$ cat protein.cif   # mmCIF, C-alpha atoms
data_structure
#
loop_
_atom_site.label_atom_id
_atom_site.label_comp_id
_atom_site.auth_asym_id
_atom_site.auth_seq_id
_atom_site.Cartn_x
_atom_site.Cartn_y
_atom_site.Cartn_z
CA MET W 27 0.00 0.00 0.00
CA LYS W 28 1.42 3.40 -1.01
CA LEU W 29 1.18 6.19 1.51
CA TYR W 30 1.89 8.88 -1.08
CA SER W 31 1.16 9.62 -4.69
CA ASP W 32 3.52 10.63 -7.44
CA LYS W 33 1.71 13.97 -7.62
CA ASN W 34 2.45 14.61 -3.94
CA LEU W 35 6.11 13.77 -4.44
CA ARG W 36 6.34 16.21 -7.36
CA GLN W 37 4.74 18.94 -5.27
CA LEU W 38 7.11 18.30 -2.36
CA LYS W 39 10.10 18.39 -4.71
CA ALA W 40 8.86 21.68 -6.16
CA VAL W 41 8.57 23.17 -2.66
CA ARG W 42 12.06 21.93 -1.79
CA LEU W 43 13.55 23.35 -5.00
CA LYS W 44 11.89 26.73 -4.47
CA PHE W 45 13.20 26.84 -0.91
CA LEU W 46 16.74 25.94 -2.00
CA ARG W 47 16.66 28.49 -4.83
CA ASN W 48 15.38 31.23 -2.51
CA SER W 49 17.91 30.43 0.21
CA ARG W 50 20.92 31.28 -1.96
CA GLY W 51 22.38 34.53 -0.64
CA PHE W 52 19.44 35.11 1.72
CA LEU W 53 21.48 35.69 4.88
CA ARG W 54 23.88 38.02 3.11
CA GLN W 55 21.15 40.07 1.44
CA TYR W 56 18.97 40.40 4.55
CA ARG W 57 21.61 40.44 7.29
CA LEU W 58 20.58 43.85 8.72
CA PRO W 59 16.89 43.01 9.19
CA ILE W 60 17.83 39.55 10.51
CA ILE W 61 20.19 41.09 13.08
CA ALA W 62 17.46 43.55 14.10
CA LEU W 63 14.96 40.68 14.32
CA VAL W 64 17.24 38.56 16.50
CA ALA W 65 17.98 41.54 18.79
CA ALA W 66 14.28 42.36 19.20
CA ALA W 67 13.47 38.67 19.74
CA ALA W 68 16.17 38.42 22.41
CA LEU W 69 14.80 41.48 24.22
CA ASP W 70 11.28 40.05 24.01
CA CYS W 71 12.55 36.72 25.34
CA ILE W 72 14.35 38.37 28.25
CA SER W 73 11.34 40.50 29.16
CA THR W 74 9.03 37.48 28.87
CA THR W 75 11.28 35.51 31.19
CA HIS W 76 11.33 38.44 33.61
CA PHE W 77 7.55 38.66 33.43
CA MET W 78 7.13 34.94 34.12
CA LEU W 79 9.64 34.86 36.97
CA TYR W 80 8.36 37.89 38.84
CA GLU W 81 4.68 37.52 38.16
CA ARG W 82 4.96 33.87 39.26
CA HIS W 83 2.89 32.47 36.44
CA HIS W 84 2.95 32.07 32.72
CA MET W 85 -0.79 32.58 32.35
CA GLY W 86 -0.36 36.08 30.97
CA GLU W 87 1.53 34.89 27.89
CA VAL W 88 -0.51 35.44 24.74
CA HIS W 89 1.42 33.31 22.22
CA PRO W 90 0.30 29.68 22.59
CA GLY W 91 3.70 28.25 21.63
CA ILE W 92 5.51 30.26 24.28
CA PHE W 93 2.72 29.52 26.77
CA TRP W 94 3.03 25.75 26.36
CA ALA W 95 6.83 25.82 26.18
CA ALA W 96 6.85 27.67 29.50
CA ALA W 97 4.32 25.24 30.97
CA TRP W 98 6.50 22.27 29.96
CA LEU W 99 10.02 23.66 30.33
CA GLY W 100 9.60 26.36 32.97
CA PRO W 101 9.72 30.15 32.96
CA VAL W 102 13.35 30.40 31.78
CA CYS W 103 13.90 27.55 29.31
CA GLY W 104 10.34 27.78 27.95
CA PRO W 105 10.55 31.29 26.50
CA ILE W 106 14.04 30.61 25.14
CA ALA W 107 12.96 27.39 23.40
CA GLY W 108 9.76 29.00 22.16
CA LYS W 109 11.49 32.09 20.79
CA LEU W 110 14.19 30.02 19.06
CA THR W 111 11.47 27.89 17.48
CA GLN W 112 9.64 31.03 16.32
CA ILE W 113 12.79 32.43 14.73
CA VAL W 114 13.77 29.19 12.97
CA PHE W 115 10.32 28.50 11.52
CA GLY W 116 9.76 32.18 10.74
CA LEU W 117 13.03 32.44 8.82
CA ALA W 118 12.26 29.22 6.94
CA ALA W 119 8.87 30.58 5.91
CA THR W 120 10.41 33.93 4.98
CA ILE W 121 13.01 32.23 2.80
CA TYR W 122 10.21 30.41 0.99
CA VAL W 123 8.38 33.68 0.25
CA ARG W 124 11.56 35.64 -0.39
CA PRO W 125 10.00 38.50 -2.41
CA TYR W 126 8.25 39.58 0.81
CA ALA W 127 11.25 38.97 3.09
CA SER W 128 12.09 42.57 3.89
CA LEU W 129 8.50 43.42 4.80
CA LEU W 130 8.10 40.30 6.92
CA LEU W 131 11.41 40.70 8.75
CA TRP W 132 10.87 44.38 9.60
CA ALA W 133 7.23 43.84 10.59
CA THR W 134 8.22 40.99 12.89
CA THR W 135 10.99 43.14 14.39
CA VAL W 136 8.45 45.86 15.18
CA LEU W 137 6.10 43.32 16.76
CA TYR W 138 8.85 41.80 18.90
CA SER W 139 9.89 45.30 19.98
CA TYR W 140 6.32 46.10 20.93
CA ALA W 141 6.08 42.85 22.90
CA PHE W 142 9.29 43.78 24.73
CA LEU W 143 7.95 47.21 25.68
CA HIS W 144 4.58 45.75 26.64
CA ASN W 145 6.23 43.22 28.96
CA LEU W 146 8.17 46.03 30.62
CA TYR W 147 4.95 47.99 31.06
CA VAL W 148 3.07 45.01 32.50
CA THR W 149 5.79 44.23 35.03
CA GLU W 150 6.01 47.93 35.93
CA VAL W 151 9.70 48.13 35.07
CA PHE W 152 9.02 51.50 33.43
CA ALA W 153 7.40 52.83 36.60
CA VAL W 154 10.29 51.71 38.80
CA TRP W 155 12.85 53.10 36.36
CA ALA W 156 11.05 56.45 36.11
CA THR W 157 10.82 56.91 39.87
CA THR W 158 14.44 55.95 40.55
CA SER W 159 15.94 57.85 37.63
CA TRP W 160 14.00 61.10 37.69
CA GLY W 161 12.17 60.99 40.98
#
$ encode --input "protein.cif" --output "structure tokens"
Amino acid sequence: MKLYSDKNLRQLKAVRLKFLRNSRGFLRQYRLPIIALVAAAALDCISTTHFMLYERHHMGEVHPGIFWAAAWLGPVCGPIAGKLTQIVFGLAATIYVRPYASLLLWATTVLYSYAFLHNLYVTEVFAVWATTSWG
């Protein structure tokens, strides 16, 4: 009994070829937005870990992947594993749709930056910083 058809194999090969073709020179061409994305993702990961450690729960996490990673791996390893998974799968998808890579990378960077700032606001880091720095 065959578990696949020849048509499915052709489609999978076409997807693989498109991915390989689009991956040539991708990191070199988009290194600046990728660096910005990784920096914003790291800040989001750090602030998420801070949020989970000091709020004593992971229930406030909105992203289901990060939520379940934190539930299974804890408030430190969970966000790290979840964020790395997001970056790897996100970059793979972006390579596949390379004509939209710049838009996707910068939009994701903005969203990660917003998530970082939101986590700081939720944990009142901004309030503590403002009162100790200017107060």
$ residues_around --input "protein.cif" --residues "stretch 68-83 of chain W" --least-positions-apart "4" --cutoff "12 Å" --atoms "only C-alpha atoms" --output "VMD selection string"
chain W and resid 61 to 64 87 to 89 92 to 93 95 to 97 99 to 113 134 to 151
$ write_last_selection --input "protein.cif" --atoms "C-alpha atoms" --output "CSV table (one decimal), keeping the file's coordinate frame"
chain,number,residue,atom,x,y,z
W,61,ILE,CA,20.2,41.1,13.1
W,62,ALA,CA,17.5,43.6,14.1
W,63,LEU,CA,15.0,40.7,14.3
W,64,VAL,CA,17.2,38.6,16.5
W,87,GLU,CA,1.5,34.9,27.9
W,88,VAL,CA,-0.5,35.4,24.7
W,89,HIS,CA,1.4,33.3,22.2
W,92,ILE,CA,5.5,30.3,24.3
W,93,PHE,CA,2.7,29.5,26.8
W,95,ALA,CA,6.8,25.8,26.2
W,96,ALA,CA,6.8,27.7,29.5
W,97,ALA,CA,4.3,25.2,31.0
W,99,LEU,CA,10.0,23.7,30.3
W,100,GLY,CA,9.6,26.4,33.0
W,101,PRO,CA,9.7,30.2,33.0
W,102,VAL,CA,13.4,30.4,31.8
W,103,CYS,CA,13.9,27.6,29.3
W,104,GLY,CA,10.3,27.8,28.0
W,105,PRO,CA,10.6,31.3,26.5
W,106,ILE,CA,14.0,30.6,25.1
W,107,ALA,CA,13.0,27.4,23.4
W,108,GLY,CA,9.8,29.0,22.2
W,109,LYS,CA,11.5,32.1,20.8
W,110,LEU,CA,14.2,30.0,19.1
W,111,THR,CA,11.5,27.9,17.5
W,112,GLN,CA,9.6,31.0,16.3
W,113,ILE,CA,12.8,32.4,14.7
W,134,THR,CA,8.2,41.0,12.9
W,135,THR,CA,11.0,43.1,14.4
W,136,VAL,CA,8.4,45.9,15.2
W,137,LEU,CA,6.1,43.3,16.8
W,138,TYR,CA,8.8,41.8,18.9
W,139,SER,CA,9.9,45.3,20.0
W,140,TYR,CA,6.3,46.1,20.9
W,141,ALA,CA,6.1,42.8,22.9
W,142,PHE,CA,9.3,43.8,24.7
W,143,LEU,CA,8.0,47.2,25.7
W,144,HIS,CA,4.6,45.8,26.6
W,145,ASN,CA,6.2,43.2,29.0
W,146,LEU,CA,8.2,46.0,30.6
W,147,TYR,CA,5.0,48.0,31.1
W,148,VAL,CA,3.1,45.0,32.5
W,149,THR,CA,5.8,44.2,35.0
W,150,GLU,CA,6.0,47.9,35.9
W,151,VAL,CA,9.7,48.1,35.1
$ closest_atom_pairs --input "protein.cif" --of "stretch 103-150 of chain W" --to "stretch 41-50 of chain W" --cutoff "10 Å" --atoms "all atoms listed in the file" --output "tab-separated table"
residue	atom	partner	partner_atom	distance
W:Ala118	CA	W:Phe45	CA	8.3
W:Ala119	CA	W:Phe45	CA	8.9
W:Thr120	CA	W:Asn48	CA	9.4
W:Ile121	CA	W:Ser49	CA	5.8
W:Tyr122	CA	W:Phe45	CA	5.0
W:Val123	CA	W:Asn48	CA	7.9
W:Arg124	CA	W:Asn48	CA	6.2
W:Pro125	CA	W:Asn48	CA	9.0
$ atom_distance --input "protein.cif" --atom1 "atom CA of W:Trp98" --atom2 "atom CA of W:Val114"
19.7 Å
$ atom_distance --input "protein.cif" --atom1 "atom CA of W:Ala127" --atom2 "atom CA of W:Lys39"
22.0 Å
$ atom_distance --input "protein.cif" --atom1 "atom CA of W:Pro59" --atom2 "atom CA of W:Gly116"
13.1 Å
